Structures are given as structure tokens and as C-alpha cells.
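S.K.: You'll find final_21.tsv just under this line, and it carries TSV, C-alpha atoms and all ligand atoms.
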```tsv
chain	number	residue	atom	x	y	z
A	1	MET	CA	-79.89	-63.50	211.96
A	2	LYS	CA	-76.98	-62.56	214.23
A	3	LEU	CA	-76.85	-65.89	216.11
A	4	ILE	CA	-76.66	-67.98	212.92
A	5	LYS	CA	-74.01	-65.64	211.49
A	6	GLU	CA	-71.90	-66.19	214.63
A	7	ILE	CA	-72.39	-69.97	214.42
A	8	LYS	CA	-71.26	-69.98	210.76
A	9	LYS	CA	-68.27	-67.76	211.56
A	10	SER	CA	-67.15	-70.06	214.34
A	11	ALA	CA	-67.65	-73.18	212.15
A	12	LYS	CA	-65.45	-71.59	209.48
A	13	LEU	CA	-62.61	-71.20	211.96
A	14	LYS	CA	-62.85	-74.87	212.93
A	15	GLY	CA	-62.47	-76.27	209.37
A	16	LYS	CA	-64.34	-79.51	210.13
A	17	THR	CA	-65.45	-82.18	207.65
A	18	ILE	CA	-69.15	-83.04	207.52
A	19	VAL	CA	-70.53	-86.07	205.66
A	20	LEU	CA	-73.92	-85.78	203.92
A	21	PRO	CA	-75.27	-89.27	203.15
A	22	GLU	CA	-78.18	-87.92	201.08
A	23	GLY	CA	-75.69	-86.69	198.48
A	24	THR	CA	-78.07	-86.72	195.51
A	25	GLU	CA	-80.95	-84.93	197.25
A	26	GLU	CA	-81.60	-81.49	195.73
A	27	ARG	CA	-81.78	-79.30	198.89
A	28	THR	CA	-78.77	-81.15	200.30
A	29	LEU	CA	-76.74	-80.43	197.16
A	30	GLN	CA	-77.76	-76.77	197.22
A	31	ALA	CA	-76.84	-76.50	200.91
A	32	ALA	CA	-73.49	-78.21	200.29
A	33	ASN	CA	-72.79	-75.75	197.47
A	34	GLU	CA	-73.42	-72.78	199.79
A	35	ILE	CA	-71.28	-74.29	202.57
A	36	LEU	CA	-68.41	-74.88	200.14
A	37	GLU	CA	-68.73	-71.45	198.53
A	38	ASN	CA	-68.47	-69.79	201.96
A	39	GLU	CA	-65.88	-72.29	203.29
A	40	ILE	CA	-67.97	-73.01	206.41
A	41	ALA	CA	-66.92	-76.69	206.42
A	42	LYS	CA	-65.41	-79.35	204.20
A	43	ILE	CA	-68.07	-81.61	202.67
A	44	ILE	CA	-68.22	-85.31	201.82
A	45	LEU	CA	-71.21	-86.30	199.66
A	46	LEU	CA	-72.26	-89.94	199.50
A	47	GLY	CA	-73.79	-91.26	196.31
A	48	ASP	CA	-73.17	-92.04	192.68
A	49	LYS	CA	-70.48	-89.71	191.28
A	50	ASN	CA	-72.15	-89.27	187.86
A	51	GLU	CA	-75.55	-88.58	189.37
A	52	ILE	CA	-74.08	-85.95	191.73
A	53	SER	CA	-72.10	-84.36	188.91
A	54	ASN	CA	-75.11	-84.29	186.53
A	55	LYS	CA	-77.43	-82.83	189.17
A	56	SER	CA	-74.85	-80.18	190.12
A	57	LYS	CA	-74.65	-79.09	186.47
A	58	GLU	CA	-78.44	-79.13	186.14
A	59	PHE	CA	-78.87	-76.92	189.24
A	60	GLY	CA	-75.88	-74.70	188.39
A	61	LEU	CA	-73.97	-75.58	191.58
A	62	GLU	CA	-70.43	-74.60	190.70
A	63	TYR	CA	-68.84	-75.19	194.12
A	64	ILE	CA	-69.87	-78.88	194.43
A	65	SER	CA	-66.62	-79.73	192.64
A	66	ARG	CA	-64.87	-78.86	195.94
A	67	ALA	CA	-66.68	-81.72	197.74
A	68	THR	CA	-65.27	-85.21	198.15
A	69	VAL	CA	-67.72	-87.68	196.60
A	70	ILE	CA	-67.79	-91.29	197.79
A	71	ASN	CA	-70.02	-94.10	196.60
A	72	PRO	CA	-70.55	-96.39	199.63
A	73	LYS	CA	-70.95	-99.34	197.27
A	74	ASP	CA	-67.42	-99.15	195.85
A	75	SER	CA	-65.44	-97.45	198.63
A	76	ASN	CA	-62.11	-99.03	199.58
A	77	LYS	CA	-62.98	-98.43	203.27
A	78	ARG	CA	-65.83	-100.98	203.29
A	79	ASP	CA	-63.71	-103.77	204.68
A	80	ALA	CA	-62.29	-101.69	207.54
A	81	TYR	CA	-65.71	-100.26	208.43
A	82	ALA	CA	-67.31	-103.73	208.36
A	83	ASP	CA	-64.62	-105.05	210.75
A	84	LEU	CA	-65.30	-102.14	213.11
A	85	MET	CA	-69.05	-102.81	212.95
A	86	VAL	CA	-68.55	-106.50	213.78
A	87	GLU	CA	-66.32	-105.50	216.72
A	88	ILE	CA	-68.87	-102.99	218.09
A	89	ARG	CA	-71.85	-105.35	217.62
A	90	LYS	CA	-70.16	-108.61	218.61
A	91	ALA	CA	-72.49	-109.02	221.59
A	92	LYS	CA	-75.40	-108.80	219.11
A	93	GLY	CA	-73.78	-111.46	216.86
A	94	LEU	CA	-73.34	-109.23	213.77
A	95	LYS	CA	-71.63	-111.11	210.92
A	96	LYS	CA	-69.22	-109.48	208.44
A	97	GLU	CA	-71.52	-110.19	205.42
A	98	GLU	CA	-74.36	-108.48	207.30
A	99	ALA	CA	-72.13	-105.50	208.09
A	100	LEU	CA	-71.07	-105.21	204.42
A	101	ALA	CA	-74.73	-105.29	203.34
A	102	LEU	CA	-75.60	-102.55	205.86
A	103	LEU	CA	-72.78	-100.40	204.44
A	104	ASP	CA	-74.64	-100.22	201.10
A	105	ASN	CA	-77.02	-97.94	203.01
A	106	PRO	CA	-75.44	-94.43	203.00
A	107	LEU	CA	-76.87	-93.72	206.49
A	108	PHE	CA	-74.83	-96.59	207.95
A	109	PHE	CA	-71.79	-95.74	205.81
A	110	ALA	CA	-71.84	-92.09	206.98
A	111	THR	CA	-72.13	-93.12	210.62
A	112	LEU	CA	-69.16	-95.44	210.21
A	113	MET	CA	-67.15	-92.63	208.58
A	114	VAL	CA	-67.75	-90.55	211.71
A	115	LYS	CA	-66.98	-93.47	214.05
A	116	TYR	CA	-63.78	-94.32	212.14
A	117	GLY	CA	-62.64	-90.67	212.19
A	118	ASP	CA	-62.95	-90.09	208.42
A	119	ALA	CA	-65.54	-87.34	209.03
A	120	ASP	CA	-66.09	-85.04	212.02
A	121	GLY	CA	-69.88	-85.07	211.85
A	122	GLU	CA	-72.94	-86.07	209.83
A	123	VAL	CA	-76.16	-84.32	208.80
A	124	ALA	CA	-79.07	-86.30	207.28
A	125	GLY	CA	-82.85	-86.50	207.29
A	126	ALA	CA	-83.95	-84.40	204.30
A	127	ASP	CA	-85.02	-87.67	202.73
A	128	ASN	CA	-85.13	-90.14	205.65
A	129	SER	CA	-87.14	-90.50	208.88
A	130	THR	CA	-85.70	-89.60	212.30
A	131	GLY	CA	-85.61	-93.28	213.31
A	132	ASP	CA	-83.65	-94.29	210.20
A	133	VAL	CA	-81.08	-91.54	210.75
A	134	LEU	CA	-80.72	-92.19	214.49
A	135	ARG	CA	-80.61	-95.99	214.66
A	136	PRO	CA	-77.13	-96.40	213.04
A	137	ALA	CA	-75.85	-93.56	215.21
A	138	PHE	CA	-77.20	-95.15	218.41
A	139	GLN	CA	-75.72	-98.51	217.45
A	140	TYR	CA	-72.23	-97.48	216.30
A	141	VAL	CA	-71.39	-94.00	217.62
A	142	LYS	CA	-73.29	-94.41	220.90
A	143	THR	CA	-73.52	-91.91	223.75
A	144	LEU	CA	-70.91	-89.81	225.55
A	145	PRO	CA	-69.35	-91.30	228.70
A	146	GLY	CA	-71.75	-90.85	231.63
A	147	ILE	CA	-74.72	-90.19	229.31
A	148	SER	CA	-77.19	-92.94	228.43
A	149	VAL	CA	-79.71	-91.05	226.32
A	150	VAL	CA	-79.55	-88.94	223.21
A	151	SER	CA	-81.99	-86.04	223.11
A	152	GLY	CA	-82.81	-83.16	220.78
A	153	ALA	CA	-82.71	-79.44	221.61
A	154	PHE	CA	-84.16	-76.48	219.73
A	155	ILE	CA	-82.81	-72.95	219.98
A	156	MET	CA	-85.96	-70.81	219.91
A	157	VAL	CA	-85.41	-67.24	218.75
A	158	LEU	CA	-88.30	-64.96	219.71
A	159	ASP	CA	-89.15	-61.42	218.67
A	160	ASN	CA	-90.10	-60.72	222.30
A	161	LYS	CA	-86.67	-60.04	223.80
A	162	SER	CA	-87.95	-60.22	227.40
A	163	PHE	CA	-87.80	-64.05	227.40
A	164	GLY	CA	-84.63	-66.05	228.04
A	165	ASP	CA	-81.46	-64.26	226.99
A	166	ASN	CA	-82.55	-61.41	224.76
A	167	GLY	CA	-85.29	-63.57	223.20
A	168	ILE	CA	-83.16	-66.73	222.92
A	169	ILE	CA	-84.36	-69.78	224.85
A	170	VAL	CA	-83.45	-73.47	224.46
A	171	PHE	CA	-86.09	-76.25	224.60
A	172	ALA	CA	-85.41	-80.02	225.12
A	173	ASP	CA	-86.13	-82.86	224.56
A	174	CYS	CA	-88.25	-82.06	221.52
A	175	ALA	CA	-87.07	-84.80	219.18
A	176	VAL	CA	-85.86	-88.15	220.48
A	177	HIS	CA	-86.65	-89.90	223.77
A	178	PRO	CA	-90.40	-90.40	224.31
A	179	ASN	CA	-90.70	-90.96	228.07
A	180	PRO	CA	-87.49	-90.42	230.06
A	181	THR	CA	-87.03	-91.69	233.60
A	182	ALA	CA	-86.01	-89.21	236.29
A	183	SER	CA	-82.32	-89.97	235.82
A	184	GLU	CA	-82.60	-89.76	232.02
A	185	LEU	CA	-84.37	-86.42	232.41
A	186	ALA	CA	-81.49	-85.22	234.60
A	187	GLU	CA	-79.04	-86.24	231.83
A	188	ILE	CA	-81.15	-84.37	229.26
A	189	ALA	CA	-81.00	-81.23	231.44
A	190	ILE	CA	-77.21	-81.44	231.76
A	191	ALA	CA	-76.73	-82.14	228.03
A	192	THR	CA	-78.99	-79.20	227.12
A	193	ALA	CA	-77.06	-76.87	229.41
A	194	LYS	CA	-73.85	-77.95	227.63
A	195	THR	CA	-75.42	-77.36	224.19
A	196	THR	CA	-76.55	-73.90	225.30
A	197	LYS	CA	-73.07	-72.97	226.44
A	198	SER	CA	-71.18	-74.49	223.52
A	199	ILE	CA	-73.41	-73.41	220.64
A	200	ILE	CA	-74.85	-70.09	221.84
A	201	GLY	CA	-72.16	-69.13	224.34
A	202	ILE	CA	-74.58	-68.09	227.09
A	203	GLU	CA	-74.61	-69.21	230.73
A	204	PRO	CA	-77.46	-71.75	231.07
A	205	ARG	CA	-80.24	-71.25	233.65
A	206	VAL	CA	-82.27	-74.46	233.52
A	207	ALA	CA	-85.95	-74.81	234.47
A	208	MET	CA	-87.33	-78.34	234.91
A	209	LEU	CA	-90.92	-77.93	233.74
A	210	SER	CA	-94.05	-79.50	235.14
A	211	PHE	CA	-97.70	-78.66	235.69
A	212	SER	CA	-96.76	-77.87	239.31
A	213	THR	CA	-94.53	-75.24	240.93
A	214	LYS	CA	-92.72	-76.18	244.13
A	215	GLY	CA	-95.32	-78.65	245.38
A	216	SER	CA	-98.46	-76.85	244.21
A	217	ALA	CA	-99.74	-80.18	242.81
A	218	LYS	CA	-99.16	-83.77	243.90
A	219	HIS	CA	-98.76	-86.47	241.27
A	220	GLU	CA	-96.25	-89.12	240.25
A	221	MET	CA	-95.50	-87.07	237.10
A	222	VAL	CA	-94.50	-84.14	239.34
A	223	ASP	CA	-92.41	-86.48	241.53
A	224	LYS	CA	-90.42	-87.49	238.44
A	225	VAL	CA	-89.44	-83.89	237.72
A	226	VAL	CA	-88.55	-83.21	241.38
A	227	GLU	CA	-86.36	-86.33	241.41
A	228	ALA	CA	-84.76	-85.41	238.05
A	229	THR	CA	-83.86	-81.97	239.44
A	230	ARG	CA	-82.27	-83.57	242.51
A	231	ILE	CA	-80.23	-86.00	240.37
A	232	ALA	CA	-79.10	-83.25	237.98
A	233	LYS	CA	-77.87	-81.16	240.93
A	234	GLU	CA	-75.97	-84.17	242.22
A	235	MET	CA	-74.47	-84.94	238.79
A	236	ALA	CA	-73.56	-81.31	238.02
A	237	PRO	CA	-73.33	-79.31	241.27
A	238	GLU	CA	-72.17	-76.18	239.42
A	239	LEU	CA	-75.25	-76.13	237.15
A	240	LYS	CA	-77.86	-73.40	237.70
A	241	ILE	CA	-81.06	-75.45	237.73
A	242	ASP	CA	-84.39	-75.42	239.53
A	243	GLY	CA	-87.65	-77.36	239.45
A	244	GLU	CA	-90.32	-78.32	239.43
A	245	LEU	CA	-91.59	-75.12	237.80
A	246	GLN	CA	-94.61	-74.32	235.62
A	247	ALA	CA	-93.76	-72.66	232.33
A	248	ASP	CA	-95.06	-69.23	233.40
A	249	ALA	CA	-93.08	-69.39	236.66
A	250	ALA	CA	-89.98	-70.31	234.65
A	251	ILE	CA	-90.07	-67.48	232.14
A	252	VAL	CA	-92.08	-64.57	233.61
A	253	GLU	CA	-90.21	-62.70	236.35
A	254	ALA	CA	-93.25	-61.51	238.33
A	255	ILE	CA	-94.88	-64.96	238.31
A	256	GLY	CA	-91.60	-66.70	239.10
A	257	GLN	CA	-91.05	-64.50	242.15
A	258	LYS	CA	-94.61	-65.09	243.34
A	259	LYS	CA	-94.74	-68.88	242.84
A	260	ALA	CA	-91.09	-69.76	243.59
A	261	LYS	CA	-89.81	-67.00	245.84
A	262	GLY	CA	-86.03	-66.97	246.19
A	263	SER	CA	-85.38	-69.22	243.17
A	264	GLU	CA	-82.45	-67.99	241.06
A	265	ILE	CA	-84.03	-69.60	237.99
A	266	ALA	CA	-87.75	-68.82	238.27
A	267	GLY	CA	-88.63	-65.99	235.87
A	268	LYS	CA	-85.11	-66.01	234.37
A	269	ALA	CA	-84.81	-69.42	232.71
A	270	ASN	CA	-83.08	-69.61	229.31
A	271	VAL	CA	-83.26	-73.44	229.12
A	272	LEU	CA	-86.60	-75.26	229.41
A	273	VAL	CA	-86.48	-79.02	230.00
A	274	PHE	CA	-89.82	-80.72	229.30
A	275	PRO	CA	-90.91	-83.84	231.23
A	276	THR	CA	-91.65	-85.90	228.09
A	277	LEU	CA	-91.05	-85.82	224.33
A	278	GLU	CA	-94.78	-85.18	223.81
A	279	THR	CA	-94.72	-81.95	225.80
A	280	GLY	CA	-91.41	-80.76	224.31
A	281	ASN	CA	-92.32	-81.49	220.71
A	282	ILE	CA	-95.79	-79.92	221.00
A	283	ALA	CA	-94.43	-76.85	222.82
A	284	TYR	CA	-91.70	-76.05	220.29
A	285	LYS	CA	-94.10	-76.37	217.35
A	286	LEU	CA	-96.72	-74.14	219.02
A	287	VAL	CA	-94.16	-71.46	219.92
A	288	GLN	CA	-92.74	-71.65	216.38
A	289	ARG	CA	-96.13	-71.34	214.68
A	290	MET	CA	-98.14	-69.16	217.09
A	291	ALA	CA	-95.40	-66.83	218.37
A	292	GLY	CA	-93.53	-66.79	215.05
A	293	ALA	CA	-90.31	-67.95	216.72
A	294	GLU	CA	-87.43	-69.25	214.65
A	295	ALA	CA	-86.76	-72.86	215.73
A	296	ILE	CA	-83.16	-73.94	215.12
A	297	GLY	CA	-82.74	-77.69	215.52
A	298	PRO	CA	-83.17	-80.39	216.52
A	299	ILE	CA	-79.58	-80.31	217.75
A	300	LEU	CA	-78.85	-83.85	218.87
A	301	GLN	CA	-76.99	-83.99	222.15
A	302	GLY	CA	-75.44	-86.72	224.24
A	303	MET	CA	-74.04	-88.60	221.22
A	304	ALA	CA	-70.31	-89.41	221.31
A	305	ALA	CA	-69.86	-87.56	217.97
A	306	PRO	CA	-72.09	-85.00	216.27
A	307	ILE	CA	-74.80	-86.50	214.09
A	308	ASN	CA	-77.82	-84.34	213.38
A	309	ASP	CA	-81.23	-85.09	211.95
A	310	LEU	CA	-83.26	-82.82	209.66
A	311	SER	CA	-86.98	-82.58	209.20
A	312	ARG	CA	-88.06	-83.93	205.79
A	313	GLY	CA	-89.77	-80.58	205.26
A	314	CYS	CA	-86.50	-78.70	205.76
A	315	SER	CA	-85.31	-75.88	203.52
A	316	LYS	CA	-81.86	-75.49	201.99
A	317	GLU	CA	-81.18	-72.84	204.64
A	318	ASP	CA	-82.12	-75.28	207.47
A	319	ILE	CA	-79.53	-77.73	206.11
A	320	VAL	CA	-76.85	-75.02	205.84
A	321	ASN	CA	-77.55	-73.98	209.46
A	322	MET	CA	-77.46	-77.58	210.68
A	323	ILE	CA	-74.12	-78.25	208.95
A	324	ALA	CA	-72.69	-75.15	210.67
A	325	ILE	CA	-74.06	-76.26	214.06
A	326	THR	CA	-72.68	-79.79	213.56
A	327	ALA	CA	-69.25	-78.38	212.69
A	328	ASN	CA	-69.37	-76.40	215.94
A	329	GLN	CA	-70.27	-79.49	217.96
A	330	ALA	CA	-67.34	-81.45	216.46
B	401	LIG	N1	-80.41	-92.54	223.29
B	401	LIG	C1	-79.43	-93.45	223.09
B	401	LIG	N2	-79.64	-94.69	222.62
B	401	LIG	C2	-80.91	-95.01	222.32
B	401	LIG	C3	-81.99	-94.12	222.51
B	401	LIG	C4	-81.69	-92.83	223.00
B	401	LIG	N3	-82.63	-91.88	223.19
B	401	LIG	N4	-83.14	-94.75	222.11
B	401	LIG	C5	-82.78	-95.99	221.69
B	401	LIG	N5	-81.44	-96.15	221.82
B	401	LIG	C6	-80.62	-97.30	221.44
B	401	LIG	C7	-81.11	-98.59	222.09
B	401	LIG	O1	-80.48	-98.76	223.33
B	401	LIG	C8	-80.69	-99.63	221.07
B	401	LIG	O2	-79.33	-99.92	221.21
B	401	LIG	P1	-78.80	-101.41	220.92
B	401	LIG	O3	-79.26	-101.79	219.54
B	401	LIG	O4	-77.31	-101.27	221.02
B	401	LIG	O5	-79.40	-102.27	221.97
B	401	LIG	C9	-80.84	-98.91	219.73
B	401	LIG	O6	-80.82	-97.50	220.04
B	401	LIG	C10	-82.13	-99.22	219.04
B	401	LIG	O7	-83.13	-99.14	220.04
B	401	LIG	P2	-84.65	-99.34	219.77
B	401	LIG	O8	-85.43	-99.23	221.04
B	401	LIG	O9	-84.85	-100.53	218.88
B	401	LIG	O10	-84.86	-98.02	218.97
B	401	LIG	P3	-86.02	-97.70	218.07
B	401	LIG	O11	-85.46	-97.72	216.72
B	401	LIG	O12	-87.24	-98.47	218.33
B	401	LIG	O13	-86.30	-96.21	218.59
B	401	LIG	C11	-86.08	-93.96	218.09
B	401	LIG	C12	-85.36	-95.19	218.61
B	401	LIG	C13	-86.35	-94.15	216.61
B	401	LIG	C14	-85.25	-92.71	218.26
B	401	LIG	C15	-87.42	-93.84	218.86
B	401	LIG	O14	-87.14	-93.55	220.18
B	401	LIG	C16	-88.30	-92.79	218.27
B	401	LIG	O15	-89.01	-93.04	217.28
B	401	LIG	N6	-88.32	-91.58	218.88
B	401	LIG	C17	-89.15	-90.51	218.43
B	401	LIG	C18	-88.54	-89.82	217.25
B	401	LIG	C19	-89.53	-88.90	216.67
B	401	LIG	O16	-90.40	-89.32	215.93
B	401	LIG	N7	-89.44	-87.60	217.04
B	401	LIG	C20	-90.36	-86.61	216.64
B	401	LIG	C21	-90.08	-86.07	215.30
B	401	LIG	S1	-88.62	-85.09	215.26
B	401	LIG	C22	-89.19	-83.48	215.20
B	401	LIG	O17	-90.32	-83.20	215.17
B	401	LIG	C23	-88.15	-82.45	215.25
```
Could you render the structure as C-alpha cells?

M.R.:
Amino acid sequence: MKLIKEIKKSAKLKGKTIVLPEGTEERTLQAANEILENEIAKIILLGDKNEISNKSKEFGLEYISRATVINPKDSNKRDAYADLMVEIRKAKGLKKEEALALLDNPLFFATLMVKYGDADGEVAGADNSTGDVLRPAFQYVKTLPGISVVSGAFIMVLDNKSFGDNGIIVFADCAVHPNPTASELAEIAIATAKTTKSIIGIEPRVAMLSFSTKGSAKHEMVDKVVEATRIAKEMAPELKIDGELQADAAIVEAIGQKKAKGSEIAGKANVLVFPTLETGNIAYKLVQRMAGAEAIGPILQGMAAPINDLSRGCSKEDIVNMIAITANQA
């Protein structure tokens, strides 16, 4: 697909280093091999050196020899990382022995590599749950200045080119924050607009979705979206954003003009911000399965450094794409 090709091309130019904590996992090794063969990014694999070497031979992965392999259990950076962890978590009373024990876990070790500047980004989740991948990142990498929540966006690529920008439309939050407040929802909208611009290179037009369009229904859930739109406009006055809009009013020109006359977003949105994680997660999966859309993500946004989570059902290709996206975010 053209978009993914562009993302890989741009990652290649950046020459970033991505750490893969699940270094002995089969799809991860295959993805790393493809990344290294095509020089899309430099790769650090975490795990036992012999196990990685034996598996690479078994699977015929000749480019894995270009990766740096680190075993978190015997790395000479453990002491420095543990000191940094204690410093970051001093308010929580973290002790150095506890930090050293946490560093045995490759998910913590990888996060500390990113925090310390030894890697530009991390991709994990082929073998671990979303919560286990995100918790170390929340605790040690934290959010960008001015952003309090991390959220997850999907780039949806549709065959029907009349939606979004030539069939490309970004959905969020589909992965992380279950029930955002109005101000958190405003942050999610701003972060998603940034992701849209930086990863796809298109000008974002953000619709704040609800079951109401411009006051057609009255409910506290609608009030939250109206308030989030107001806050987002205040936080980012240059952003093209409108709400509250129903999904049809957001993406279908004729309906948008009828229900939200004069709106510069209605009918033209290329970014859809959902009011809750439930709605966003359900919507992306339905569009993926029922409309046959390609769903690229979740791209985690709002984190101070790029750390991305995979679905445990991911393919080798999903991991390759996510490494390229992460390199672009770095
Ligand atoms: N953004 C930034 N920081 C956060 C966020 C967030 N969205 N959520 C929690 N944190 C921080 C907390 O402030 C806390 O920081 P502290 O330790 O410094 O005080 C730390 O993370 C841990 O917070 P908890 O509330 O204990 O986090 P918990 O582990 O319970 O939950 C999690 C976080 C796992 C992300 C939870 O919100 C969750 O399960 N979300 C849903 C994930 C999911 O299942 N998504 C659907 C599947 S993904 C898919 O289908 C593509």
C-alpha cells in the first residue's frame, strides 16, 4: 500500500534505533529481519543471545546478525537505569533493589532504554497484554508537556475513496483511556491531529463525535463532547475542529451540510474522535471487519517518547509497519 511504503521510506531516512523487548518471539524476529534487510531502522533485540541466535538460524533469518542483542539480566546499564528509576519514582518510594528486579522484565528494561536515550523508540505486545506494555511507559517515560493522557489512534484505509482524504481517515481513542473527561478528550483530539499531520502528512479536519449533532439531543454525554470541543479550540486555536457531530454528519457531505450547515468540518472530517474507548474500539473493529478497511495501529500518542503496542494476534507485517511508524514518531 502506498501510505505504508511512504512511511517506510521516511523511516529509512531517519535512521532511528528501535528496541524490541520480545526478542525471542518468532513474528518479532521475522519482522526485525525484514526491517534490517531493508534498512528501515536499527534494531535492538532483548533476550538471551544464544536463544536469539539459534532461533534466527532455525527460521533462516540471515539479517538478524545486524541487530544489537542485549540480555537485560546481564547488561552493564542495569545500575544506571535502576538509579534513574529510583529518581523518577522517588515520590512512590521505589527502592534500588526493587528497580533492579523490575529490570529483569524486558518490558521495563526497554522502556528505560528509551528514557535513558539508548533507543529512540520501542515496539512490544506480540506476546504481552496492552496493560503490561503500557504501565512501564506511563510510569517512566510519561506524557508530553501539556498532555496528561496517552491515547491510541488507528489509520483506517478504506476502499471507498469518498471518505476522509482519499479513503484515509484517523480514529481515536481506540486503545487506551476508557472514559476521558472533557479536557482529556480535548487533549486526545489535539494529539490525534498531530499524529495525522506527522505520520500521514495531511491537514487534519477533526470531528468530535456524539449521538447528537449541534444540539439535536440533550444529555450529559453530549455536554461532555461540546465542552471538549470548546477546550480543544482554546488549547489549539489553529486546529480545524468541530463538534458535537454524529458520524454521518461528520463524514457524508450532504448530511453534514443538512445537519450542521456552515461547518467547515461536517461532511469533510478526516479525523474522528470518539467520546469513549468503548465507542472508538468497537467502531474501528466494525469498520475493519465489515467495510474491509485496513486498520494501521494503535499508534500511541501523547507519550514523551514513542512506545507502541501490538495486538497479540498481530502478523509479521503488522510489526514491520509499527516499527516504521515508531521510527517516524521518534
Ligand atoms: N495516559 C497516561 N498515563 C496513564 C494513563 C493514560 N491514559 N492511564 C493510566 N496512567 C498512569 C497513571 O497515572 C499511573 O501513573 P503513576 O503510577 O505514576 O501514578 C500509571 O499509569 C498506572 O495507572 P493505573 O490506573 O494503575 O493503570 P492501570 O494499569 O490500571 O491501567 C491501562 C492503565 C492498562 C492502560 C488501562 O487504562 C487499560 O486497561 N486500558 C484499556 C486497554 C485496553 O484493553 N484496550 C483495548 C485493547 S487494545 C486494541 O484493541 C487495539

S.K.: Using all atoms listed in the file, which residue out of A:Leu107, A:Met303, A:Leu102, A:Val252 lies closest to ligand LIG 401 (chain B)?

M.R.: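 When distances to ligand LIG 401 (chain B) are compared using all atoms listed in the file, the smallest one comes from A:Met303.
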
S.K.: When the cut-off is 7 Å and you count only C-alpha atoms and all ligand atoms, which residues lie near ligand LIG 401 (chain B), shown as an MDAnalysis selection string?

M.R.: chainID A and resid 130:132 134:135 138:139 142:143 148:151 174:178 281 298 311

S.K.: Fewer than 2 positions away in the same chain doesn't count, so skip those; otherwise give me all residues within 12 Å of segment 75-89 of chain A, counting only C-alpha atoms, as a ChimeraX atom specification.

M.R.: /A:46-49,69-73,91-106,108-118,136-142

S.K.: For Ile199 of chain A, find every residue with an atom within 8 Å (counting only C-alpha atoms), except residues of its own chain fewer than 5 positions away, and show them as a list in words.

M.R.: Ile7, Ile325, Asn328 and Gln329 of chain A

S.K.: Within 10 Å of (-71.8, -73.2, 192.8), in the coordinates the file gives, what residues turn up when you count all atoms listed in the file, written out as a list in words?

M.R.: Leu29, Gln30, Ala32, Asn33, Glu34, Ile35, Leu36, Glu37, Ser56, Lys57, Phe59, Gly60, Leu61, Glu62, Tyr63, Ile64, Ser65 and Arg66 of chain A

S.K.: Could you jot down the atom CA of Thr229 of chain A to atom CA of Ile200 of chain A separation for me, Å, one decimal place?

M.R.: 23.1 Å

S.K.: Rank nothing, just name the residue among A:Ile296, A:Val287, A:Ala304, A:Ile231 nearest to Ile323 of chain A, using all atoms listed in the file.

M.R.: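 Once distances to Ile323 of chain A are computed over all atoms listed in the file, the minimum belongs to A:Ile296.
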
S.K.: Interatomic distance between atom CA of Thr213 of chain A and atom CA of Ala249 of chain A?

M.R.: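 Atom CA of Thr213 of chain A sits 7.4 Å away from atom CA of Ala249 of chain A.
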
S.K.: Please identify all polymer residues lying at most 7 Å from the point (-65.4, -81.1, 200.3) (file coordinates), using all atoms listed in the file, and present the result as a list in words.

M.R.: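 Neighbouring residues, ordered by chain and number, come to Leu36, Lys42, Ile43, Ile44, Arg66, Ala67 and Thr68 of chain A.
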
S.K.: Between A:Arg289, A:Lys16, A:Arg27, A:Lys5, which is the closest to Lys316 of chain A once you count all atoms listed in the file?

M.R.: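 Ranked by minimum distance to Lys316 of chain A, first place goes to A:Arg27.
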
S.K.: Ranking A:Val226, A:Met322, A:Leu277, A:Leu209 by minimum distance to Glu122 of chain A and counting all atoms listed in the file, which one comes first?

M.R.: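 Closest residue, counting all atoms listed in the file: A:Met322.
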